[in-house]
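Listing of final-v4.txt; format and content: compact mmCIF, C-alpha atoms.
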```txt
# COMPACT_ATOMS: atom_id res chain seq x y z
CA MET A 1 -31.47 88.57 154.11
CA ARG A 2 -32.19 90.46 150.91
CA ILE A 3 -29.82 91.28 148.10
CA GLN A 4 -30.03 94.95 147.27
CA VAL A 5 -29.14 95.29 143.63
CA SER A 6 -29.06 99.08 143.76
CA ALA A 7 -26.46 99.01 146.58
CA GLN A 8 -24.37 96.52 144.61
CA LEU A 9 -24.65 98.66 141.48
CA LEU A 10 -23.57 101.72 143.44
CA LEU A 11 -20.60 99.80 144.87
CA PHE A 12 -19.70 98.61 141.37
CA GLY A 13 -19.77 102.20 140.08
CA GLN A 14 -17.58 103.33 142.97
CA SER A 15 -15.11 100.54 142.21
CA ILE A 16 -14.94 101.70 138.58
CA LEU A 17 -14.10 105.20 139.86
CA LEU A 18 -11.46 103.66 142.14
CA GLY A 19 -9.89 101.92 139.14
CA LEU A 20 -9.98 105.18 137.16
CA GLY A 21 -8.27 107.01 140.02
CA LEU A 22 -5.55 104.39 140.45
CA ALA A 23 -4.85 104.34 136.71
CA LEU A 24 -4.70 108.14 136.73
CA LEU A 25 -2.13 107.98 139.53
CA TYR A 26 -0.13 105.48 137.49
CA ASP A 27 -0.27 107.83 134.50
CA LEU A 28 0.89 110.73 136.66
CA LEU A 29 3.94 108.73 137.73
CA ARG A 30 4.79 107.63 134.17
CA PRO A 31 6.71 110.79 133.07
CA LEU A 32 8.72 110.71 136.29
CA ARG A 33 9.65 107.08 135.69
CA ARG A 34 10.70 107.86 132.12
CA ARG A 35 12.95 110.75 133.15
CA GLY A 36 14.55 109.21 136.21
CA ARG A 37 15.52 105.62 135.43
CA ARG A 38 16.85 105.18 138.96
CA LEU A 39 13.47 106.15 140.43
CA THR A 40 11.46 103.53 138.52
CA ALA A 41 11.55 100.83 141.18
CA LEU A 42 10.86 103.30 143.98
CA LEU A 43 7.89 104.86 142.17
CA ASP A 44 6.48 101.45 141.22
CA GLY A 45 6.75 100.33 144.82
CA ALA A 46 5.04 103.50 146.02
CA PHE A 47 2.25 102.96 143.49
CA CYS A 48 1.76 99.34 144.58
CA LEU A 49 1.55 100.42 148.21
CA ALA A 50 -0.93 103.18 147.35
CA ALA A 51 -3.06 100.84 145.23
CA GLY A 52 -3.06 98.14 147.89
CA LEU A 53 -3.97 100.64 150.59
CA ALA A 54 -6.73 102.12 148.43
CA LEU A 55 -8.21 98.68 147.71
CA LEU A 56 -8.02 97.73 151.39
CA LEU A 57 -9.70 100.93 152.54
CA PHE A 58 -12.32 100.58 149.81
CA ALA A 59 -13.09 97.04 150.90
CA LEU A 60 -13.24 98.03 154.56
CA ARG A 61 -15.32 101.18 154.22
CA ARG A 62 -17.51 100.64 151.18
CA GLY A 63 -17.62 96.85 150.98
CA ALA A 64 -18.28 96.26 154.68
CA GLY A 65 -14.99 94.45 155.12
CA GLU A 66 -15.38 92.20 152.08
CA LEU A 67 -13.64 92.62 148.77
CA ARG A 68 -16.29 91.35 146.43
CA LEU A 69 -15.35 89.96 143.04
CA TYR A 70 -17.49 92.44 141.14
CA CYS A 71 -15.69 95.28 142.95
CA LEU A 72 -12.34 93.92 141.85
CA LEU A 73 -13.62 93.53 138.29
CA GLY A 74 -15.00 97.08 138.42
CA ALA A 75 -11.61 98.45 139.53
CA ILE A 76 -9.85 96.54 136.74
CA GLY A 77 -12.46 97.77 134.25
CA GLY A 78 -12.04 101.35 135.42
CA ALA A 79 -8.28 101.09 134.99
CA ALA A 80 -8.73 99.60 131.52
CA LEU A 81 -11.12 102.44 130.64
CA GLN A 82 -8.54 105.01 131.81
CA PHE A 83 -5.69 103.40 129.88
CA THR A 84 -7.65 103.02 126.64
CA CYS A 85 -9.72 106.22 126.53
CA PHE A 86 -8.18 108.94 128.68
CA SER A 87 -4.50 108.07 128.94
CA PRO A 88 -3.58 108.91 125.31
CA LEU A 89 -5.34 112.26 125.66
CA LEU A 90 -3.70 113.17 128.97
CA ALA A 91 -0.16 111.89 128.26
CA PRO A 92 0.99 115.14 126.55
CA VAL A 93 -0.35 117.16 129.48
CA TRP A 94 1.58 115.05 132.01
CA ASP A 95 4.73 115.25 129.86
CA PHE A 96 4.41 119.03 129.67
CA TRP A 97 4.07 119.37 133.43
CA ALA A 98 6.95 116.95 134.04
CA GLN A 99 9.18 119.02 131.71
CA THR A 100 8.05 122.21 133.45
CA ALA A 101 8.80 120.77 136.89
CA GLU A 102 12.18 119.51 135.67
CA ALA A 103 13.04 122.96 134.31
CA ALA A 104 11.91 124.63 137.55
CA VAL A 105 14.05 122.30 139.65
CA GLY A 106 17.00 122.87 137.32
CA LEU A 107 16.54 126.62 137.62
CA ALA A 108 16.27 126.41 141.40
CA LEU A 109 19.47 124.34 141.58
CA LEU A 110 21.41 126.66 139.26
CA PRO A 111 22.97 128.75 142.09
CA VAL A 112 24.09 125.56 143.83
CA ARG A 113 25.65 124.27 140.61
CA LEU A 114 27.43 127.58 139.97
CA LEU A 115 28.68 127.69 143.55
CA GLY A 116 30.00 124.16 143.15
CA ARG A 117 31.89 125.12 140.00
CA GLY A 118 33.38 128.15 141.74
CA LEU A 119 34.44 126.03 144.71
CA LYS A 120 36.10 123.55 142.34
CA LYS A 121 38.12 126.37 140.80
CA VAL A 122 39.12 127.72 144.22
CA GLU A 123 40.12 124.22 145.31
CA LYS A 124 42.21 123.74 142.15
CA PHE A 125 43.92 127.10 142.73
CA ARG A 126 44.61 126.23 146.37
CA GLU A 127 45.95 122.83 145.39
CA ASN A 128 48.30 124.32 142.80
CA LEU A 129 49.40 127.09 145.13
CA PHE A 130 50.38 124.77 147.95
CA TYR A 131 51.83 122.16 145.61
CA PHE A 132 54.22 124.55 143.92
CA TRP A 133 55.07 126.95 146.77
CA ARG A 134 58.24 125.07 147.76
CA LYS A 135 59.43 124.95 144.18
CA TRP A 136 58.57 128.60 143.73
CA PHE A 137 60.49 129.53 146.88
CA THR A 138 63.51 127.46 145.80
CA ILE A 139 63.52 129.00 142.33
CA ARG A 140 63.25 132.51 143.75
CA LYS A 141 65.98 131.84 146.32
CA ILE A 142 68.36 130.29 143.77
CA GLY A 143 67.50 132.96 141.22
CA ALA A 144 68.17 135.76 143.70
CA ALA A 145 71.48 134.21 144.74
CA ALA A 146 72.52 133.80 141.12
CA HIS A 147 71.51 137.37 140.39
CA ARG A 148 73.62 138.63 143.30
CA ARG A 149 76.61 136.61 142.11
CA ARG A 150 76.30 138.07 138.64
CA ARG A 151 76.22 141.62 140.01
CA LYS A 152 79.46 141.21 141.92
```
Can you give me the file's structure in the form of structure tokens?
Amino acid sequence: MRIQVSAQLLLFGQSILLGLGLALLYDLLRPLRRRGRRLTALLDGAFCLAAGLALLLFALRRGAGELRLYCLLGAIGGAALQFTCFSPLLAPVWDFWAQTAEAAVGLALLPVRLLGRGLKKVEKFRENLFYFWRKWFTIRKIGAAAHRRRRK
């Protein structure tokens, strides 16, 4: 049984790329977590599931079913490389696209929001109409009777 250093070096390079990709996914989710505080736990859970699945598939397909220590160190090193070198450069880009997506969703939901406001006004009008109709009828009836008495 021979140790093939070139195959191990190739696997180490691929694990660095895996770490870069996972860190990039984490950076992509960062603006969404900042904007939606309620989504933080859900997005972190989704990232953990994606990272675990990616590491499992990497170990099964590339590592022949074994997660070797140098592969794990390569993935951690790739993530560290992403966070130190590329993340500060790409953060404004991700923030811009998150703001753009937020504005697009807000614009798409504008008709729904306006319809909701209109329905609230109609509901308020209906509520007032049916709340005061008896009083209105009584006032009109008493007023008409008083008017007839004054005429005679």
With all atoms listed in the file as the counted atoms, please give the residues lying no more than 12 Å from segment 40-57 of chain A, apart from itself and same-chain residues fewer than 4 positions off, as a JSON list (two decimals) with C-alpha atoms, keeping the file's coordinate frame.
```
[["chain", "number", "residue", "atom", "x", "y", "z"],
["A", 14, "GLN", "CA", -17.58, 103.33, 142.97],
["A", 15, "SER", "CA", -15.11, 100.54, 142.21],
["A", 16, "ILE", "CA", -14.94, 101.70, 138.58],
["A", 17, "LEU", "CA", -14.10, 105.20, 139.86],
["A", 18, "LEU", "CA", -11.46, 103.66, 142.14],
["A", 19, "GLY", "CA", -9.89, 101.92, 139.14],
["A", 20, "LEU", "CA", -9.98, 105.18, 137.16],
["A", 21, "GLY", "CA", -8.27, 107.01, 140.02],
["A", 22, "LEU", "CA", -5.55, 104.39, 140.45],
["A", 23, "ALA", "CA", -4.85, 104.34, 136.71],
["A", 24, "LEU", "CA", -4.70, 108.14, 136.73],
["A", 25, "LEU", "CA", -2.13, 107.98, 139.53],
["A", 26, "TYR", "CA", -0.13, 105.48, 137.49],
["A", 27, "ASP", "CA", -0.27, 107.83, 134.50],
["A", 28, "LEU", "CA", 0.89, 110.73, 136.66],
["A", 29, "LEU", "CA", 3.94, 108.73, 137.73],
["A", 30, "ARG", "CA", 4.79, 107.63, 134.17],
["A", 31, "PRO", "CA", 6.71, 110.79, 133.07],
["A", 32, "LEU", "CA", 8.72, 110.71, 136.29],
["A", 33, "ARG", "CA", 9.65, 107.08, 135.69],
["A", 34, "ARG", "CA", 10.70, 107.86, 132.12],
["A", 35, "ARG", "CA", 12.95, 110.75, 133.15],
["A", 36, "GLY", "CA", 14.55, 109.21, 136.21],
["A", 61, "ARG", "CA", -15.32, 101.18, 154.22],
["A", 62, "ARG", "CA", -17.51, 100.64, 151.18],
["A", 63, "GLY", "CA", -17.62, 96.85, 150.98],
["A", 64, "ALA", "CA", -18.28, 96.26, 154.68],
["A", 65, "GLY", "CA", -14.99, 94.45, 155.12],
["A", 66, "GLU", "CA", -15.38, 92.20, 152.08],
["A", 67, "LEU", "CA", -13.64, 92.62, 148.77],
["A", 68, "ARG", "CA", -16.29, 91.35, 146.43],
["A", 71, "CYS", "CA", -15.69, 95.28, 142.95],
["A", 72, "LEU", "CA", -12.34, 93.92, 141.85],
["A", 74, "GLY", "CA", -15.00, 97.08, 138.42],
["A", 75, "ALA", "CA", -11.61, 98.45, 139.53],
["A", 76, "ILE", "CA", -9.85, 96.54, 136.74],
["A", 79, "ALA", "CA", -8.28, 101.09, 134.99]]
```
Practice task
Go ahead and compute the interatomic distance for atom CA of Lys120 of chain A and atom CA of Arg38 of chain A, in Å to one decimal.
Solution key: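 The value is 26.8 Å.
We find atom CA of Leu69 of chain A and atom CA of Ser6 of chain A to be spaced 16.5 Å apart.
Interatomic distance, atom CA of Phe86 of chain A to atom CA of Val105 of chain A: 28.2 Å.
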Please enclose the listed atoms of segment 41-58 of chain A in an axis-aligned box, pad each side by 3 Å, and write out the centre and the three edge lengths in Å, rounded to one decimal, as lines of an AutoDock Vina configuration file.
```
center_x = -0.4
center_y = 101.3
center_z = 146.9
size_x = 29.9
size_y = 13.1
size_z = 17.4
```
